[in-house]
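Source file model-v9.cif; content: mmCIF, N, CA and C atoms.
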```
data_model
loop_
_atom_site.group_PDB
_atom_site.id
_atom_site.type_symbol
_atom_site.label_atom_id
_atom_site.label_comp_id
_atom_site.auth_asym_id
_atom_site.auth_seq_id
_atom_site.Cartn_x
_atom_site.Cartn_y
_atom_site.Cartn_z
ATOM 1 N N MET A 6 -61.409 -77.907 -24.395
ATOM 2 C CA MET A 6 -60.043 -78.397 -24.546
ATOM 3 C C MET A 6 -59.799 -78.755 -26.008
ATOM 4 N N SER A 7 -58.651 -78.399 -26.492
ATOM 5 C CA SER A 7 -58.333 -78.693 -27.890
ATOM 6 C C SER A 7 -57.849 -80.132 -27.992
ATOM 7 N N GLY A 8 -58.079 -80.753 -29.155
ATOM 8 C CA GLY A 8 -57.686 -82.143 -29.320
ATOM 9 C C GLY A 8 -56.215 -82.312 -29.651
ATOM 10 N N LYS A 9 -55.503 -81.222 -29.870
ATOM 11 C CA LYS A 9 -54.110 -81.317 -30.289
ATOM 12 C C LYS A 9 -53.179 -81.190 -29.098
ATOM 13 N N PHE A 10 -52.064 -81.886 -29.190
ATOM 14 C CA PHE A 10 -51.066 -81.885 -28.121
ATOM 15 C C PHE A 10 -49.911 -80.991 -28.570
ATOM 16 N N TYR A 11 -49.583 -79.995 -27.766
ATOM 17 C CA TYR A 11 -48.541 -79.038 -28.120
ATOM 18 C C TYR A 11 -47.412 -79.039 -27.097
ATOM 19 N N CYS A 12 -46.224 -78.689 -27.578
ATOM 20 C CA CYS A 12 -45.105 -78.349 -26.708
ATOM 21 C C CYS A 12 -44.703 -76.926 -27.085
ATOM 22 N N MET A 13 -44.713 -76.025 -26.114
ATOM 23 C CA MET A 13 -44.462 -74.616 -26.381
ATOM 24 C C MET A 13 -43.334 -74.114 -25.494
ATOM 25 N N THR A 14 -42.456 -73.306 -26.079
ATOM 26 C CA THR A 14 -41.359 -72.690 -25.343
ATOM 27 C C THR A 14 -41.588 -71.184 -25.324
ATOM 28 N N MET A 15 -41.463 -70.603 -24.129
ATOM 29 C CA MET A 15 -41.656 -69.165 -23.965
ATOM 30 C C MET A 15 -40.451 -68.561 -23.265
ATOM 31 N N ARG A 16 -40.227 -67.285 -23.499
ATOM 32 C CA ARG A 16 -39.183 -66.561 -22.771
ATOM 33 C C ARG A 16 -39.872 -65.650 -21.757
ATOM 34 N N MET A 17 -39.420 -65.744 -20.499
ATOM 35 C CA MET A 17 -39.932 -64.887 -19.432
ATOM 36 C C MET A 17 -38.766 -64.458 -18.554
ATOM 37 N N ASN A 18 -38.875 -63.287 -17.946
ATOM 38 C CA ASN A 18 -37.851 -62.864 -16.999
ATOM 39 C C ASN A 18 -38.046 -63.617 -15.692
ATOM 40 N N ILE A 19 -37.027 -64.364 -15.294
ATOM 41 C CA ILE A 19 -37.056 -65.095 -14.024
ATOM 42 C C ILE A 19 -35.879 -64.550 -13.222
ATOM 43 N N ASP A 20 -36.124 -63.461 -12.505
ATOM 44 C CA ASP A 20 -35.039 -62.728 -11.853
ATOM 45 C C ASP A 20 -34.683 -63.279 -10.474
ATOM 46 N N CYS A 21 -35.675 -63.787 -9.762
ATOM 47 C CA CYS A 21 -35.426 -64.177 -8.368
ATOM 48 C C CYS A 21 -36.268 -65.401 -8.023
ATOM 49 N N ASN A 22 -36.108 -65.889 -6.794
ATOM 50 C CA ASN A 22 -36.879 -67.053 -6.345
ATOM 51 C C ASN A 22 -38.372 -66.771 -6.344
ATOM 52 N N GLY A 23 -38.749 -65.550 -5.989
ATOM 53 C CA GLY A 23 -40.168 -65.180 -5.964
ATOM 54 C C GLY A 23 -40.785 -65.264 -7.349
ATOM 55 N N CYS A 24 -40.042 -64.800 -8.357
ATOM 56 C CA CYS A 24 -40.515 -64.865 -9.748
ATOM 57 C C CYS A 24 -40.688 -66.324 -10.166
ATOM 58 N N TYR A 25 -39.702 -67.135 -9.829
ATOM 59 C CA TYR A 25 -39.734 -68.554 -10.166
ATOM 60 C C TYR A 25 -40.958 -69.219 -9.534
ATOM 61 N N GLN A 26 -41.187 -68.953 -8.241
ATOM 62 C CA GLN A 26 -42.315 -69.567 -7.534
ATOM 63 C C GLN A 26 -43.650 -69.114 -8.113
ATOM 64 N N ARG A 27 -43.742 -67.839 -8.499
ATOM 65 C CA ARG A 27 -44.979 -67.308 -9.060
ATOM 66 C C ARG A 27 -45.302 -67.999 -10.387
ATOM 67 N N ILE A 28 -44.294 -68.170 -11.229
ATOM 68 C CA ILE A 28 -44.481 -68.840 -12.523
ATOM 69 C C ILE A 28 -44.848 -70.303 -12.294
ATOM 70 N N ARG A 29 -44.137 -70.949 -11.378
ATOM 71 C CA ARG A 29 -44.385 -72.363 -11.083
ATOM 72 C C ARG A 29 -45.811 -72.579 -10.582
ATOM 73 N N ARG A 30 -46.255 -71.718 -9.671
ATOM 74 C CA ARG A 30 -47.604 -71.839 -9.108
ATOM 75 C C ARG A 30 -48.658 -71.653 -10.196
ATOM 76 N N ALA A 31 -48.435 -70.679 -11.081
ATOM 77 C CA ALA A 31 -49.386 -70.431 -12.167
ATOM 78 C C ALA A 31 -49.473 -71.639 -13.097
ATOM 79 N N LEU A 32 -48.319 -72.265 -13.392
ATOM 80 C CA LEU A 32 -48.309 -73.431 -14.275
ATOM 81 C C LEU A 32 -48.992 -74.630 -13.621
ATOM 82 N N LEU A 33 -48.746 -74.826 -12.323
ATOM 83 C CA LEU A 33 -49.339 -75.971 -11.624
ATOM 84 C C LEU A 33 -50.857 -75.854 -11.533
ATOM 85 N N ASN A 34 -51.370 -74.620 -11.542
ATOM 86 C CA ASN A 34 -52.815 -74.415 -11.442
ATOM 87 C C ASN A 34 -53.536 -74.547 -12.778
ATOM 88 N N MET A 35 -52.800 -74.665 -13.876
ATOM 89 C CA MET A 35 -53.432 -74.823 -15.191
ATOM 90 C C MET A 35 -53.728 -76.295 -15.432
ATOM 91 N N GLN A 36 -54.998 -76.599 -15.705
ATOM 92 C CA GLN A 36 -55.437 -77.993 -15.828
ATOM 93 C C GLN A 36 -54.969 -78.660 -17.120
ATOM 94 N N ASP A 37 -54.827 -77.885 -18.191
ATOM 95 C CA ASP A 37 -54.549 -78.462 -19.511
ATOM 96 C C ASP A 37 -53.121 -78.962 -19.676
ATOM 97 N N LEU A 38 -52.211 -78.559 -18.806
ATOM 98 C CA LEU A 38 -50.796 -78.860 -18.989
ATOM 99 C C LEU A 38 -50.453 -80.258 -18.474
ATOM 100 N N GLU A 39 -49.725 -81.009 -19.282
ATOM 101 C CA GLU A 39 -49.241 -82.329 -18.877
ATOM 102 C C GLU A 39 -47.947 -82.181 -18.075
ATOM 103 N N SER A 40 -47.047 -81.332 -18.574
ATOM 104 C CA SER A 40 -45.758 -81.158 -17.907
ATOM 105 C C SER A 40 -45.223 -79.766 -18.204
ATOM 106 N N HIS A 41 -44.270 -79.342 -17.384
ATOM 107 C CA HIS A 41 -43.627 -78.052 -17.622
ATOM 108 C C HIS A 41 -42.171 -78.124 -17.183
ATOM 109 N N LEU A 42 -41.377 -77.219 -17.718
ATOM 110 C CA LEU A 42 -39.965 -77.126 -17.368
ATOM 111 C C LEU A 42 -39.615 -75.644 -17.300
ATOM 112 N N ILE A 43 -39.040 -75.224 -16.175
ATOM 113 C CA ILE A 43 -38.634 -73.836 -16.021
ATOM 114 C C ILE A 43 -37.112 -73.796 -15.980
ATOM 115 N N ASP A 44 -36.517 -73.134 -16.975
ATOM 116 C CA ASP A 44 -35.067 -73.016 -17.067
ATOM 117 C C ASP A 44 -34.676 -71.601 -16.660
ATOM 118 N N ARG A 45 -34.190 -71.457 -15.416
ATOM 119 C CA ARG A 45 -33.880 -70.129 -14.881
ATOM 120 C C ARG A 45 -32.762 -69.431 -15.636
ATOM 121 N N LYS A 46 -31.699 -70.174 -15.926
ATOM 122 C CA LYS A 46 -30.522 -69.542 -16.539
ATOM 123 C C LYS A 46 -30.814 -69.048 -17.944
ATOM 124 N N GLN A 47 -31.588 -69.805 -18.708
ATOM 125 C CA GLN A 47 -31.919 -69.430 -20.082
ATOM 126 C C GLN A 47 -33.153 -68.530 -20.149
ATOM 127 N N HIS A 48 -33.819 -68.315 -18.998
ATOM 128 C CA HIS A 48 -35.059 -67.529 -18.928
ATOM 129 C C HIS A 48 -36.123 -68.119 -19.849
ATOM 130 N N ARG A 49 -36.248 -69.446 -19.821
ATOM 131 C CA ARG A 49 -37.214 -70.118 -20.687
ATOM 132 C C ARG A 49 -38.169 -70.969 -19.873
ATOM 133 N N VAL A 50 -39.398 -71.033 -20.344
ATOM 134 C CA VAL A 50 -40.423 -71.872 -19.744
ATOM 135 C C VAL A 50 -40.991 -72.733 -20.866
ATOM 136 N N SER A 51 -40.955 -74.058 -20.676
ATOM 137 C CA SER A 51 -41.508 -74.982 -21.664
ATOM 138 C C SER A 51 -42.691 -75.711 -21.054
ATOM 139 N N VAL A 52 -43.775 -75.824 -21.824
ATOM 140 C CA VAL A 52 -44.968 -76.530 -21.351
ATOM 141 C C VAL A 52 -45.441 -77.490 -22.436
ATOM 142 N N CYS A 53 -45.997 -78.623 -22.005
ATOM 143 C CA CYS A 53 -46.554 -79.603 -22.931
ATOM 144 C C CYS A 53 -47.941 -79.992 -22.453
ATOM 145 N N GLY A 54 -48.844 -80.225 -23.405
ATOM 146 C CA GLY A 54 -50.188 -80.647 -23.057
ATOM 147 C C GLY A 54 -51.154 -80.359 -24.186
ATOM 148 N N ALA A 55 -52.436 -80.680 -23.939
ATOM 149 C CA ALA A 55 -53.490 -80.417 -24.916
ATOM 150 C C ALA A 55 -54.111 -79.074 -24.564
ATOM 151 N N PHE A 56 -53.609 -78.011 -25.184
ATOM 152 C CA PHE A 56 -54.073 -76.661 -24.858
ATOM 153 C C PHE A 56 -54.003 -75.779 -26.095
ATOM 154 N N VAL A 57 -54.573 -74.593 -25.985
ATOM 155 C CA VAL A 57 -54.445 -73.585 -27.037
ATOM 156 C C VAL A 57 -53.263 -72.704 -26.637
ATOM 157 N N PRO A 58 -52.175 -72.710 -27.410
ATOM 158 C CA PRO A 58 -50.945 -72.030 -26.996
ATOM 159 C C PRO A 58 -51.124 -70.564 -26.611
ATOM 160 N N GLN A 59 -51.902 -69.815 -27.397
ATOM 161 C CA GLN A 59 -52.083 -68.399 -27.087
ATOM 162 C C GLN A 59 -52.803 -68.207 -25.759
ATOM 163 N N ASP A 60 -53.776 -69.090 -25.466
ATOM 164 C CA ASP A 60 -54.517 -68.981 -24.212
ATOM 165 C C ASP A 60 -53.610 -69.198 -23.005
ATOM 166 N N VAL A 61 -52.699 -70.168 -23.105
ATOM 167 C CA VAL A 61 -51.779 -70.447 -21.995
ATOM 168 C C VAL A 61 -50.856 -69.246 -21.781
ATOM 169 N N ALA A 62 -50.353 -68.664 -22.869
ATOM 170 C CA ALA A 62 -49.467 -67.505 -22.751
ATOM 171 C C ALA A 62 -50.205 -66.327 -22.106
ATOM 172 N N ILE A 63 -51.461 -66.125 -22.491
ATOM 173 C CA ILE A 63 -52.244 -65.020 -21.925
ATOM 174 C C ILE A 63 -52.517 -65.259 -20.444
ATOM 175 N N LYS A 64 -52.886 -66.491 -20.087
ATOM 176 C CA LYS A 64 -53.133 -66.812 -18.669
ATOM 177 C C LYS A 64 -51.875 -66.591 -17.840
ATOM 178 N N LEU A 65 -50.752 -67.047 -18.373
ATOM 179 C CA LEU A 65 -49.482 -66.903 -17.657
ATOM 180 C C LEU A 65 -49.138 -65.426 -17.475
ATOM 181 N N ARG A 66 -49.384 -64.639 -18.500
ATOM 182 C CA ARG A 66 -49.123 -63.195 -18.442
ATOM 183 C C ARG A 66 -49.983 -62.531 -17.361
ATOM 184 N N LYS A 67 -51.264 -62.910 -17.313
ATOM 185 C CA LYS A 67 -52.173 -62.301 -16.334
ATOM 186 C C LYS A 67 -51.851 -62.723 -14.906
ATOM 187 N N ARG A 68 -51.515 -64.005 -14.731
ATOM 188 C CA ARG A 68 -51.301 -64.522 -13.371
ATOM 189 C C ARG A 68 -49.956 -64.138 -12.778
ATOM 190 N N THR A 69 -48.953 -63.920 -13.639
ATOM 191 C CA THR A 69 -47.615 -63.602 -13.122
ATOM 192 C C THR A 69 -47.268 -62.130 -13.273
ATOM 193 N N ASN A 70 -48.047 -61.408 -14.066
ATOM 194 C CA ASN A 70 -47.782 -59.991 -14.336
ATOM 195 C C ASN A 70 -46.389 -59.800 -14.940
ATOM 196 N N ARG A 71 -45.991 -60.716 -15.804
ATOM 197 C CA ARG A 71 -44.689 -60.660 -16.474
ATOM 198 C C ARG A 71 -44.891 -60.793 -17.973
ATOM 199 N N ARG A 72 -43.975 -60.207 -18.717
ATOM 200 C CA ARG A 72 -44.036 -60.286 -20.181
ATOM 201 C C ARG A 72 -43.715 -61.712 -20.626
ATOM 202 N N VAL A 73 -44.510 -62.231 -21.533
ATOM 203 C CA VAL A 73 -44.334 -63.588 -22.053
ATOM 204 C C VAL A 73 -44.091 -63.504 -23.550
ATOM 205 N N GLU A 74 -43.004 -64.093 -23.999
ATOM 206 C CA GLU A 74 -42.689 -64.112 -25.431
ATOM 207 C C GLU A 74 -42.667 -65.566 -25.892
ATOM 208 N N ILE A 75 -43.544 -65.899 -26.829
ATOM 209 C CA ILE A 75 -43.589 -67.271 -27.355
ATOM 210 C C ILE A 75 -42.448 -67.444 -28.353
ATOM 211 N N LEU A 76 -41.559 -68.404 -28.067
ATOM 212 C CA LEU A 76 -40.414 -68.658 -28.938
ATOM 213 C C LEU A 76 -40.699 -69.755 -29.951
ATOM 214 N N ASP A 77 -41.388 -70.809 -29.503
ATOM 215 C CA ASP A 77 -41.552 -71.976 -30.364
ATOM 216 C C ASP A 77 -42.808 -72.738 -29.963
ATOM 217 N N ILE A 78 -43.550 -73.203 -30.961
ATOM 218 C CA ILE A 78 -44.720 -74.051 -30.710
ATOM 219 C C ILE A 78 -44.589 -75.270 -31.620
ATOM 220 N N LYS A 79 -44.597 -76.450 -31.008
ATOM 221 C CA LYS A 79 -44.529 -77.687 -31.785
ATOM 222 C C LYS A 79 -45.794 -78.482 -31.538
ATOM 223 N N GLU A 80 -46.398 -78.958 -32.627
ATOM 224 C CA GLU A 80 -47.561 -79.823 -32.506
ATOM 225 C C GLU A 80 -47.069 -81.264 -32.489
ATOM 226 N N VAL A 81 -47.514 -82.018 -31.488
ATOM 227 C CA VAL A 81 -47.042 -83.392 -31.303
ATOM 228 C C VAL A 81 -48.228 -84.329 -31.440
ATOM 229 N N ASP A 82 -47.998 -85.503 -32.019
ATOM 230 C CA ASP A 82 -49.048 -86.518 -32.084
ATOM 231 C C ASP A 82 -49.313 -87.066 -30.694
ATOM 232 N N ALA A 83 -50.534 -86.878 -30.202
ATOM 233 C CA ALA A 83 -50.859 -87.322 -28.848
ATOM 234 C C ALA A 83 -51.348 -88.766 -28.828
ATOM 235 N N GLY A 84 -51.920 -89.232 -29.925
ATOM 236 C CA GLY A 84 -52.503 -90.565 -29.946
ATOM 237 C C GLY A 84 -51.451 -91.656 -29.975
ATOM 238 N N GLY A 85 -51.754 -92.808 -29.393
ATOM 239 C CA GLY A 85 -50.833 -93.931 -29.428
ATOM 240 C C GLY A 85 -51.006 -94.740 -30.697
ATOM 241 N N GLY A 86 -51.779 -94.234 -31.663
ATOM 242 C CA GLY A 86 -52.069 -94.977 -32.875
ATOM 243 C C GLY A 86 -51.003 -94.843 -33.940
ATOM 244 N N GLY A 87 -49.836 -94.352 -33.593
ATOM 245 C CA GLY A 87 -48.768 -94.192 -34.569
ATOM 246 C C GLY A 87 -48.161 -95.527 -34.942
ATOM 247 N N ASP A 88 -47.333 -95.525 -35.965
ATOM 248 C CA ASP A 88 -46.673 -96.751 -36.382
ATOM 249 C C ASP A 88 -45.679 -97.201 -35.319
ATOM 250 N N PRO A 89 -45.553 -98.502 -35.103
ATOM 251 C CA PRO A 89 -44.549 -98.981 -34.144
ATOM 252 C C PRO A 89 -43.156 -98.739 -34.705
ATOM 253 N N PRO A 90 -42.157 -98.678 -33.853
ATOM 254 C CA PRO A 90 -40.796 -98.470 -34.354
ATOM 255 C C PRO A 90 -40.369 -99.633 -35.242
ATOM 256 N N PRO A 91 -39.491 -99.401 -36.200
ATOM 257 C CA PRO A 91 -39.068 -100.481 -37.102
ATOM 258 C C PRO A 91 -38.371 -101.593 -36.332
ATOM 259 N N GLU A 92 -38.470 -102.797 -36.869
ATOM 260 C CA GLU A 92 -37.860 -103.952 -36.197
ATOM 261 C C GLU A 92 -36.337 -103.823 -36.190
ATOM 262 N N GLY A 93 -35.723 -104.441 -35.199
ATOM 263 C CA GLY A 93 -34.274 -104.397 -35.110
ATOM 264 C C GLY A 93 -33.788 -103.476 -34.005
ATOM 265 N N GLY A 94 -34.719 -102.866 -33.274
ATOM 266 C CA GLY A 94 -34.327 -102.059 -32.119
ATOM 267 C C GLY A 94 -33.827 -100.669 -32.467
ATOM 268 N N GLY A 95 -33.695 -100.333 -33.725
ATOM 269 C CA GLY A 95 -33.277 -98.991 -34.104
ATOM 270 C C GLY A 95 -31.864 -98.667 -33.695
ATOM 271 N N GLY A 96 -31.026 -99.683 -33.464
ATOM 272 C CA GLY A 96 -29.637 -99.454 -33.066
ATOM 273 C C GLY A 96 -28.787 -98.920 -34.196
ATOM 274 N N GLY A 97 -29.241 -99.067 -35.420
ATOM 275 C CA GLY A 97 -28.508 -98.584 -36.577
ATOM 276 C C GLY A 97 -27.282 -99.416 -36.826
ATOM 277 N N GLY A 98 -26.786 -99.366 -38.036
ATOM 278 C CA GLY A 98 -25.542 -100.063 -38.377
ATOM 279 C C GLY A 98 -25.600 -101.564 -38.180
ATOM 280 N N GLN A 99 -26.673 -102.204 -38.570
ATOM 281 C CA GLN A 99 -26.762 -103.654 -38.411
ATOM 282 C C GLN A 99 -25.791 -104.342 -39.359
ATOM 283 N N GLN A 100 -25.120 -105.347 -38.849
ATOM 284 C CA GLN A 100 -24.143 -106.078 -39.676
ATOM 285 C C GLN A 100 -24.782 -107.376 -40.155
ATOM 286 N N PRO A 101 -24.463 -107.799 -41.410
ATOM 287 C CA PRO A 101 -25.043 -109.042 -41.972
ATOM 288 C C PRO A 101 -24.487 -110.285 -41.296
#
```

Could you express the structure from this file as structure tokens?
Amino acid sequence: MSGKFYCMTMRMNIDCNGCYQRIRRALLNMQDLESHLIDRKQHRVSVCGAFVPQDVAIKLRKRTNRRVEILDIKEVDAGGGGDPPPEGGGGGGQQP
């Protein structure tokens, strides 16, 4: 397992309920994924987790027998060791 946390967006043909279920089942069976989102109308599948993006795309391609096009890969800080949000609640526009 890779130590980095990624959010990846892919384009896949989701033509019918069977296609949707096949993609969903393949995603649920992948251990590395934290969450996923399947957008039927936009033909997009988004996944987040600690994984190697190319490996997930290849697994999805093999398990669903559908073409997978990677649109976007974002690396996200997974650790909780980041700086806390600035004081003041971040509401912006504070008045004196």

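Between atom N of Gln26 in chain A and atom C of Arg72 in chain A the interatomic distance comes to 14.6 Å.
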
Worksheet entry | Separation of CA of Lys67 in chain A from CA of His48 in chain A in Å | 18.1 Å

Worksheet entry | Within 6.5 Å of Glu80 in chain A using all atoms listed in the file, minus same-chain residues under 2 positions, as a PyMOL selection string | chain A and resi 10-12+78+82

Just N, CA and C atoms for this one: save the residues we selected as a JSON list (two decimals), in the coordinates of the input.
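Wrote out-v7.json, looks like this:
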```
[["chain", "number", "residue", "atom", "x", "y", "z"],
["A", 10, "PHE", "N", -52.06, -81.89, -29.19],
["A", 10, "PHE", "CA", -51.07, -81.89, -28.12],
["A", 10, "PHE", "C", -49.91, -80.99, -28.57],
["A", 11, "TYR", "N", -49.58, -80.00, -27.77],
["A", 11, "TYR", "CA", -48.54, -79.04, -28.12],
["A", 11, "TYR", "C", -47.41, -79.04, -27.10],
["A", 12, "CYS", "N", -46.22, -78.69, -27.58],
["A", 12, "CYS", "CA", -45.10, -78.35, -26.71],
["A", 12, "CYS", "C", -44.70, -76.93, -27.08],
["A", 78, "ILE", "N", -43.55, -73.20, -30.96],
["A", 78, "ILE", "CA", -44.72, -74.05, -30.71],
["A", 78, "ILE", "C", -44.59, -75.27, -31.62],
["A", 82, "ASP", "N", -48.00, -85.50, -32.02],
["A", 82, "ASP", "CA", -49.05, -86.52, -32.08],
["A", 82, "ASP", "C", -49.31, -87.07, -30.69]]
```

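With atom N of Glu39 in chain A on one side and atom N of Ala55 in chain A on the other, the separation reads 5.4 Å.
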
Discussion item. To test your reading of the syntax: which residues would the PyMOL selection byres (((chain A and resi 47 and name CA) around 12) and name CA) return for the file shown? Reply as a PyMOL selection string.
Written reply: chain A and resi 14-20+42-46+48-51

Could you work out an axis-aligned box for range 25-29 of chain A, taking every atom the file lists and adding 3 Å on each side, and report centre and edge lengths in Å to one decimal, as AutoDock Vina command-line options?
```
--center_x -42.8 --center_y -69.9 --center_z -10.0 --size_x 12.1 --size_y 11.4 --size_z 11.0
```

Discussion item. What parts of range 32-63 of chain A does DSSP call strand (DSSP E)? I'd like the answer as a ChimeraX atom specification.
Written reply: /A:38-44,49-54
